[in-house]
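File shown here: start.pdb, holding PDB, C-alpha atoms, pLDDT in the B column.
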ATOM      1  CA  MET A1256     -10.174 -37.308 -39.217  1.00 48.00           C
ATOM      2  CA  ASN A1257     -13.890 -37.893 -39.681  1.00 70.00           C
ATOM      3  CA  LYS A1258     -15.434 -41.299 -39.137  1.00 85.00           C
ATOM      4  CA  CYS A1259     -15.612 -43.468 -42.289  1.00 86.00           C
ATOM      5  CA  ASN A1260     -19.064 -43.730 -43.864  1.00 85.00           C
ATOM      6  CA  PRO A1261     -19.821 -47.262 -45.129  1.00 90.00           C
ATOM      7  CA  GLU A1262     -23.067 -46.250 -46.900  1.00 93.00           C
ATOM      8  CA  ILE A1263     -24.203 -44.117 -49.800  1.00 93.00           C
ATOM      9  CA  LEU A1264     -27.668 -43.005 -50.907  1.00 94.00           C
ATOM     10  CA  ILE A1265     -28.720 -43.239 -54.529  1.00 94.00           C
ATOM     11  CA  ASN A1266     -31.881 -41.830 -56.083  1.00 94.00           C
ATOM     12  CA  ALA A1267     -33.257 -43.623 -59.138  1.00 95.00           C
ATOM     13  CA  SER A1268     -36.322 -43.743 -61.360  1.00 94.00           C
ATOM     14  CA  VAL A1269     -38.049 -46.829 -62.694  1.00 93.00           C
ATOM     15  CA  VAL A1270     -37.505 -47.282 -66.436  1.00 90.00           C
ATOM     16  CA  THR A1271     -40.459 -48.680 -68.353  1.00 82.00           C
ATOM     17  CA  HIS A1272     -40.688 -50.005 -71.899  1.00 76.00           C
ATOM     18  CA  ASP A1273     -42.356 -46.767 -73.023  1.00 74.00           C
ATOM     19  CA  ALA A1274     -39.790 -44.545 -71.232  1.00 65.00           C
ATOM     20  CA  LYS A1275     -42.314 -43.177 -68.729  1.00 67.00           C
ATOM     21  CA  VAL A1276     -41.113 -42.337 -65.241  1.00 63.00           C
ATOM     22  CA  THR A1277     -43.515 -44.238 -63.058  1.00 74.00           C
ATOM     23  CA  ALA A1278     -41.849 -44.021 -59.677  1.00 89.00           C
ATOM     24  CA  CYS A1279     -38.796 -42.693 -57.930  1.00 93.00           C
ATOM     25  CA  TYR A1280     -36.911 -44.564 -55.226  1.00 96.00           C
ATOM     26  CA  GLU A1281     -34.034 -43.914 -52.871  1.00 96.00           C
ATOM     27  CA  PHE A1282     -31.707 -46.729 -51.874  1.00 96.00           C
ATOM     28  CA  VAL A1283     -29.063 -46.881 -49.186  1.00 96.00           C
ATOM     29  CA  LEU A1284     -26.205 -49.089 -50.365  1.00 95.00           C
ATOM     30  CA  ASN A1285     -23.611 -50.609 -48.064  1.00 95.00           C
ATOM     31  CA  GLU A1286     -19.923 -51.221 -48.760  1.00 93.00           C
ATOM     32  CA  ASN A1287     -20.842 -54.383 -50.736  1.00 93.00           C
ATOM     33  CA  LEU A1288     -23.178 -52.296 -52.933  1.00 93.00           C
ATOM     34  CA  SER A1289     -26.161 -54.175 -51.562  1.00 93.00           C
ATOM     35  CA  ILE A1290     -29.338 -52.402 -50.541  1.00 95.00           C
ATOM     36  CA  VAL A1291     -29.854 -51.994 -46.812  1.00 94.00           C
ATOM     37  CA  GLU A1292     -32.829 -49.604 -46.940  1.00 95.00           C
ATOM     38  CA  CYS A1293     -35.277 -48.452 -49.574  1.00 95.00           C
ATOM     39  CA  VAL A1294     -38.057 -45.873 -49.803  1.00 96.00           C
ATOM     40  CA  GLU A1295     -40.386 -44.835 -52.579  1.00 94.00           C
ATOM     41  CA  VAL A1296     -40.388 -41.072 -53.040  1.00 93.00           C
ATOM     42  CA  GLU A1297     -44.017 -40.051 -53.342  1.00 87.00           C
ATOM     43  CA  SER A1298     -43.329 -36.313 -53.502  1.00 79.00           C
ATOM     44  CA  MET A1299     -39.835 -34.854 -53.696  1.00 74.00           C
ATOM     45  CA  ALA A1300     -41.155 -31.315 -53.220  1.00 75.00           C
ATOM     46  CA  GLN A1301     -43.070 -32.219 -50.057  1.00 81.00           C
ATOM     47  CA  GLY A1302     -40.502 -34.711 -48.801  1.00 79.00           C
ATOM     48  CA  LYS A1303     -43.068 -37.524 -48.749  1.00 88.00           C
ATOM     49  CA  ILE A1304     -41.592 -41.002 -48.726  1.00 91.00           C
ATOM     50  CA  ARG A1305     -42.931 -44.490 -48.153  1.00 93.00           C
ATOM     51  CA  PRO A1306     -40.687 -47.266 -46.786  1.00 94.00           C
ATOM     52  CA  VAL A1307     -40.525 -50.334 -49.032  1.00 94.00           C
ATOM     53  CA  LYS A1308     -40.604 -53.573 -47.074  1.00 92.00           C
ATOM     54  CA  ASN A1309     -39.218 -56.707 -48.696  1.00 91.00           C
ATOM     55  CA  TYR A1310     -37.592 -54.566 -51.385  1.00 91.00           C
ATOM     56  CA  ALA A1311     -35.563 -57.463 -52.825  1.00 89.00           C
ATOM     57  CA  GLU A1312     -38.822 -59.219 -53.656  1.00 89.00           C
ATOM     58  CA  HIS A1313     -41.013 -56.172 -54.321  1.00 89.00           C
ATOM     59  CA  LEU A1314     -38.595 -54.516 -56.770  1.00 91.00           C
ATOM     60  CA  GLN A1315     -37.482 -57.691 -58.539  1.00 86.00           C
ATOM     61  CA  ASP A1316     -37.607 -57.487 -62.359  1.00 83.00           C
ATOM     62  CA  MET A1317     -37.586 -53.673 -62.316  1.00 90.00           C
ATOM     63  CA  LEU A1318     -35.022 -51.564 -64.144  1.00 91.00           C
ATOM     64  CA  PHE A1319     -33.852 -48.294 -62.575  1.00 93.00           C
ATOM     65  CA  GLU A1320     -31.911 -45.315 -63.893  1.00 93.00           C
ATOM     66  CA  LEU A1321     -29.617 -43.478 -61.506  1.00 93.00           C
ATOM     67  CA  ASN A1322     -30.608 -39.848 -60.971  1.00 92.00           C
ATOM     68  CA  HIS A1323     -28.191 -38.693 -58.307  1.00 91.00           C
ATOM     69  CA  VAL A1324     -26.043 -39.736 -55.369  1.00 91.00           C
ATOM     70  CA  ARG A1325     -25.854 -38.226 -51.898  1.00 90.00           C
ATOM     71  CA  VAL A1326     -23.349 -38.622 -49.097  1.00 87.00           C
ATOM     72  CA  ASN A1327     -23.077 -37.443 -45.521  1.00 84.00           C
ATOM     73  CA  PRO A1328     -20.654 -34.479 -45.705  1.00 82.00           C
ATOM     74  CA  ARG A1329     -19.780 -34.840 -42.007  1.00 84.00           C
ATOM     75  CA  LEU A1330     -18.237 -38.269 -42.588  1.00 85.00           C
ATOM     76  CA  ASP A1331     -15.350 -39.543 -44.679  1.00 86.00           C
ATOM     77  CA  ASN A1332     -17.026 -40.946 -47.812  1.00 87.00           C
ATOM     78  CA  ALA A1333     -13.856 -41.803 -49.734  1.00 87.00           C
ATOM     79  CA  MET A1334     -14.177 -45.588 -49.350  1.00 91.00           C
ATOM     80  CA  ILE A1335     -17.820 -45.872 -50.440  1.00 91.00           C
ATOM     81  CA  ILE A1336     -17.334 -43.387 -53.299  1.00 91.00           C
ATOM     82  CA  LYS A1337     -14.360 -45.420 -54.525  1.00 92.00           C
ATOM     83  CA  LYS A1338     -16.385 -48.645 -54.418  1.00 93.00           C
ATOM     84  CA  LEU A1339     -19.179 -47.052 -56.436  1.00 93.00           C
ATOM     85  CA  THR A1340     -16.864 -45.420 -58.988  1.00 92.00           C
ATOM     86  CA  ASP A1341     -14.965 -48.715 -59.343  1.00 93.00           C
ATOM     87  CA  ALA A1342     -18.272 -50.479 -60.050  1.00 93.00           C
ATOM     88  CA  PHE A1343     -19.071 -47.834 -62.659  1.00 92.00           C
ATOM     89  CA  SER A1344     -15.617 -48.218 -64.180  1.00 91.00           C
ATOM     90  CA  ASP A1345     -16.268 -51.963 -64.508  1.00 91.00           C
ATOM     91  CA  ILE A1346     -19.246 -51.201 -66.782  1.00 91.00           C
ATOM     92  CA  GLY A1347     -17.378 -48.637 -68.870  1.00 91.00           C
ATOM     93  CA  VAL A1348     -18.585 -45.457 -67.156  1.00 91.00           C
ATOM     94  CA  LYS A1349     -15.814 -42.953 -66.548  1.00 90.00           C
ATOM     95  CA  VAL A1350     -16.048 -40.565 -63.620  1.00 88.00           C
ATOM     96  CA  ARG A1351     -14.188 -37.289 -63.997  1.00 86.00           C
ATOM     97  CA  ASN A1352     -13.659 -34.191 -61.875  1.00 83.00           C
ATOM     98  CA  ALA A1353     -14.302 -35.888 -58.556  1.00 78.00           C
ATOM     99  CA  PRO A1354     -14.454 -33.285 -55.777  1.00 71.00           C
ATOM    100  CA  LYS A1355     -12.062 -33.251 -52.863  1.00 72.00           C
ATOM    101  CA  HIS A1356     -13.557 -34.653 -49.658  1.00 67.00           C
ATOM    102  CA  ASN A1357     -13.246 -31.295 -47.880  1.00 68.00           C
ATOM    103  CA  THR A1358     -14.960 -29.108 -50.509  1.00 67.00           C
ATOM    104  CA  MET A1359     -18.590 -28.034 -50.775  1.00 68.00           C
ATOM    105  CA  ALA A1360     -18.881 -29.874 -54.108  1.00 62.00           C
ATOM    106  CA  ILE A1361     -18.955 -33.179 -52.206  1.00 68.00           C
ATOM    107  CA  CYS A1362     -22.560 -32.293 -51.247  1.00 68.00           C
ATOM    108  CA  PHE A1363     -23.724 -31.628 -54.810  1.00 67.00           C
ATOM    109  CA  LYS A1364     -21.781 -34.049 -57.009  1.00 75.00           C
ATOM    110  CA  PRO A1365     -20.003 -36.466 -54.692  1.00 76.00           C
ATOM    111  CA  LEU A1366     -18.852 -38.713 -57.526  1.00 80.00           C
ATOM    112  CA  GLY A1367     -18.022 -36.033 -60.069  1.00 76.00           C
ATOM    113  CA  GLU A1368     -19.148 -36.105 -63.713  1.00 85.00           C
ATOM    114  CA  MET A1369     -20.168 -39.429 -65.258  1.00 83.00           C
ATOM    115  CA  SER A1370     -19.592 -40.209 -68.936  1.00 87.00           C
ATOM    116  CA  HIS A1371     -22.805 -42.229 -69.371  1.00 89.00           C
ATOM    117  CA  ASN A1372     -26.145 -42.849 -67.699  1.00 90.00           C
ATOM    118  CA  VAL A1373     -26.181 -45.750 -65.279  1.00 93.00           C
ATOM    119  CA  ARG A1374     -29.015 -48.219 -64.949  1.00 92.00           C
ATOM    120  CA  PHE A1375     -29.336 -51.064 -62.507  1.00 93.00           C
ATOM    121  CA  TYR A1376     -31.506 -53.862 -61.246  1.00 92.00           C
ATOM    122  CA  ILE A1377     -31.686 -55.722 -57.972  1.00 92.00           C
ATOM    123  CA  LYS A1378     -30.489 -59.294 -57.900  1.00 89.00           C
ATOM    124  CA  GLY A1379     -31.136 -61.990 -55.352  1.00 83.00           C
ATOM    125  CA  PHE A1380     -32.320 -62.306 -51.809  1.00 82.00           C
ATOM    126  CA  ASP A1381     -29.428 -60.223 -50.466  1.00 82.00           C
ATOM    127  CA  ALA A1382     -30.451 -57.304 -52.758  1.00 89.00           C
ATOM    128  CA  ASN A1383     -27.201 -56.900 -54.673  1.00 89.00           C
ATOM    129  CA  VAL A1384     -27.258 -54.088 -57.195  1.00 92.00           C
ATOM    130  CA  VAL A1385     -26.187 -54.950 -60.745  1.00 91.00           C
ATOM    131  CA  PHE A1386     -25.139 -51.878 -62.728  1.00 91.00           C
ATOM    132  CA  LEU A1387     -25.567 -51.489 -66.495  1.00 90.00           C
ATOM    133  CA  SER A1388     -24.519 -48.789 -68.909  1.00 85.00           C
ATOM    134  CA  PRO A1389     -24.868 -47.927 -72.591  1.00 78.00           C
ATOM    135  CA  ALA A1390     -21.066 -47.821 -72.601  1.00 68.00           C
ATOM    136  CA  ILE A1391     -21.088 -51.623 -72.853  1.00 66.00           C
ATOM    137  CA  ARG A1392     -24.280 -51.730 -74.965  1.00 63.00           C
ATOM    138  CA  PRO A1393     -26.468 -53.940 -72.746  1.00 55.00           C
ATOM    139  CA  MET A1394     -29.875 -54.961 -73.998  1.00 56.00           C
ATOM    140  CA  ILE A1395     -32.679 -56.091 -71.765  1.00 56.00           C
ATOM    141  CA  VAL A1396     -35.460 -58.043 -73.370  1.00 57.00           C
ATOM    142  CA  GLY A1397     -38.922 -57.833 -71.870  1.00 60.00           C
ATOM    143  CA  LYS A1398     -42.262 -59.402 -72.641  1.00 59.00           C
ATOM    144  CA  THR A1399     -45.050 -57.362 -74.185  1.00 62.00           C
ATOM    145  CA  LYS A1400     -48.672 -57.738 -73.105  1.00 63.00           C
ATOM    146  CA  LYS A1401     -49.320 -59.811 -76.229  1.00 66.00           C
ATOM    147  CA  GLY A1402     -46.556 -62.280 -75.342  1.00 58.00           C
ATOM    148  CA  GLY A1403     -43.937 -60.995 -77.771  1.00 57.00           C
ATOM    149  CA  LEU A1404     -40.444 -59.798 -76.890  1.00 55.00           C
ATOM    150  CA  GLN A1405     -39.264 -56.222 -76.892  1.00 57.00           C
ATOM    151  CA  VAL A1406     -35.789 -54.763 -76.381  1.00 55.00           C
ATOM    152  CA  LEU A1407     -35.726 -52.236 -73.540  1.00 54.00           C
ATOM    153  CA  ARG A1408     -32.982 -49.618 -73.807  1.00 50.00           C
TER     154      ARG A1408
END

File written out as structure tokens:
Amino acid sequence: MNKCNPEILINASVVTHDAKVTACYEFVLNENLSIVECVEVESMAQGKIRPVKNYAEHLQDMLFELNHVRVNPRLDNAMIIKKLTDAFSDIGVKVRNAPKHNTMAICFKPLGEMSHNVRFYIKGFDANVVFLSPAIRPMIVGKTKKGGLQVLR
């Protein structure tokens, strides 16, 4: 049996009030779904990344939308995939057609097919990830430059 992998990599884009993609990040989450490493992806095509130091502080108050998930196919990812899919289930996101751990599909869609988009933000000094989904109709209110409030979806 392969060694158990306690981490998973997620790729996400920053969501702004005007729906522009301003930056893309990759996060390594541990078994507690807390961030242990973070990089900003400067160029996906060229593989350029920039490590983000103090990510809990630097990325505070930012909203992200999950793009994709990656796992190490040489390790047993069942535990970390279950933790992530359980977290998604808690916010009303269903995951269907999960691939078997010994198939090639584990490299391309390790979770399977998700019923809704997933957004998240980083909470606290220990960089816990808080997931959100349209399935439970969350609304985030942000300030405009003129001091008013605006609902961010």

- For region 1361-1377 of chain A, please output as a PyMOL selection string all residues within 8 Å (counting all atoms listed in the file; exclusion window: fewer than 6 positions along the same chain). chain A and resi 1311+1314-1321+1324-1328+1336+1340+1343+1348-1355+1383-1390

Dump as a compact mmCIF listing (two decimals), keeping the file's coordinate frame, selection limited to C-alpha atoms:
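What follows is the written file result-v8.txt:
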# COMPACT_ATOMS: atom_id res chain seq x y z
CA ALA A 1311 -35.56 -57.46 -52.82
CA LEU A 1314 -38.60 -54.52 -56.77
CA GLN A 1315 -37.48 -57.69 -58.54
CA ASP A 1316 -37.61 -57.49 -62.36
CA MET A 1317 -37.59 -53.67 -62.32
CA LEU A 1318 -35.02 -51.56 -64.14
CA PHE A 1319 -33.85 -48.29 -62.58
CA GLU A 1320 -31.91 -45.32 -63.89
CA LEU A 1321 -29.62 -43.48 -61.51
CA VAL A 1324 -26.04 -39.74 -55.37
CA ARG A 1325 -25.85 -38.23 -51.90
CA VAL A 1326 -23.35 -38.62 -49.10
CA ASN A 1327 -23.08 -37.44 -45.52
CA PRO A 1328 -20.65 -34.48 -45.70
CA ILE A 1336 -17.33 -43.39 -53.30
CA THR A 1340 -16.86 -45.42 -58.99
CA PHE A 1343 -19.07 -47.83 -62.66
CA VAL A 1348 -18.58 -45.46 -67.16
CA LYS A 1349 -15.81 -42.95 -66.55
CA VAL A 1350 -16.05 -40.56 -63.62
CA ARG A 1351 -14.19 -37.29 -64.00
CA ASN A 1352 -13.66 -34.19 -61.88
CA ALA A 1353 -14.30 -35.89 -58.56
CA PRO A 1354 -14.45 -33.28 -55.78
CA LYS A 1355 -12.06 -33.25 -52.86
CA ASN A 1383 -27.20 -56.90 -54.67
CA VAL A 1384 -27.26 -54.09 -57.20
CA VAL A 1385 -26.19 -54.95 -60.74
CA PHE A 1386 -25.14 -51.88 -62.73
CA LEU A 1387 -25.57 -51.49 -66.50
CA SER A 1388 -24.52 -48.79 -68.91
CA PRO A 1389 -24.87 -47.93 -72.59
CA ALA A 1390 -21.07 -47.82 -72.60

- Between A:Asp1381, A:Asp1345, A:Glu1262, A:Glu1295, which has the minimum distance to Cys1279 (chain A) (counting only C-alpha atoms)?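 Going through A:Asp1381, A:Asp1345, A:Glu1262, A:Glu1295 one by one, the smallest distance to Cys1279 (chain A) is for A:Glu1295.
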
- Computed gap from CA of Val1283 (chain A) to CA of Ala1382 (chain A) is 11.1 Å

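If you look at CA of Lys1303 (chain A) and CA of Val1269 (chain A), they are 17.5 Å away from each other.
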
- With distances taken over all atoms listed in the file, which of A:Cys1293, A:Leu1288, A:Ile1346, A:Met1299 is nearest to Pro1261 (chain A)?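 The closest residue to Pro1261 (chain A) is A:Leu1288.
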
- Spatial neighbours of Leu1330 (chain A), max dist 7 Å, only C-alpha atoms, sep filter under 2 positions, as a ChimeraX atom specification: /A:1257-1260,1327-1328,1332

What does the file look like for those residues with C-alpha atoms, as a short mmCIF file (atom, residue, chain, number, x, y, z; two decimals), in the coordinates of the input?
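This is the output file part_30.cif:
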data_model
loop_
_atom_site.label_atom_id
_atom_site.label_comp_id
_atom_site.auth_asym_id
_atom_site.auth_seq_id
_atom_site.Cartn_x
_atom_site.Cartn_y
_atom_site.Cartn_z
CA ASN A 1257 -13.89 -37.89 -39.68
CA LYS A 1258 -15.43 -41.30 -39.14
CA CYS A 1259 -15.61 -43.47 -42.29
CA ASN A 1260 -19.06 -43.73 -43.86
CA ASN A 1327 -23.08 -37.44 -45.52
CA PRO A 1328 -20.65 -34.48 -45.70
CA ASN A 1332 -17.03 -40.95 -47.81
#

- Message: Report, in Å to a single decimal, how far apart CA of Ser1268 (chain A) and CA of Glu1281 (chain A) are.
- Response: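 Computing the Euclidean distance for CA of Glu1281 (chain A) and CA of Ser1268 (chain A) yields 8.8 Å.
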
- Message: Restricting the calculation to all atoms listed in the file: of A:Asn1322, A:Asp1341, A:Ala1333, A:Phe1282, which residue gets closest to Tyr1310 (chain A)?
- Response: A:Phe1282

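Using all atoms listed in the file, the shortest contact distance between Glu1297 (chain A) and any of A:Ala1278, A:Met1334, A:Leu1284, A:Ile1265 is found at A:Ala1278.
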
Excluding Val1294 (chain A) and any residue of its chain fewer than 6 positions from it, enumerate the residues within 6 Å of it, using all atoms listed in the file, and give them as a PDB file with C-alpha atoms, in the coordinates of the input.
ATOM      1  CA  TYR A1280     -36.911 -44.564 -55.226  1.00 96.00           C
ATOM      2  CA  GLU A1281     -34.034 -43.914 -52.871  1.00 96.00           C
ATOM      3  CA  ARG A1305     -42.931 -44.490 -48.153  1.00 93.00           C
ATOM      4  CA  PRO A1306     -40.687 -47.266 -46.786  1.00 94.00           C
ATOM      5  CA  VAL A1307     -40.525 -50.334 -49.032  1.00 94.00           C
TER       6      VAL A1307
END

- Rank A:Ala1267, A:Val1296, A:Ile1335, A:Val1291 by their smallest atom-to-atom distance to His1323 (chain A), using all atoms listed in the file, and report the top residue only.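 Nearest candidate to His1323 (chain A) out of A:Ala1267, A:Val1296, A:Ile1335, A:Val1291: A:Ala1267.
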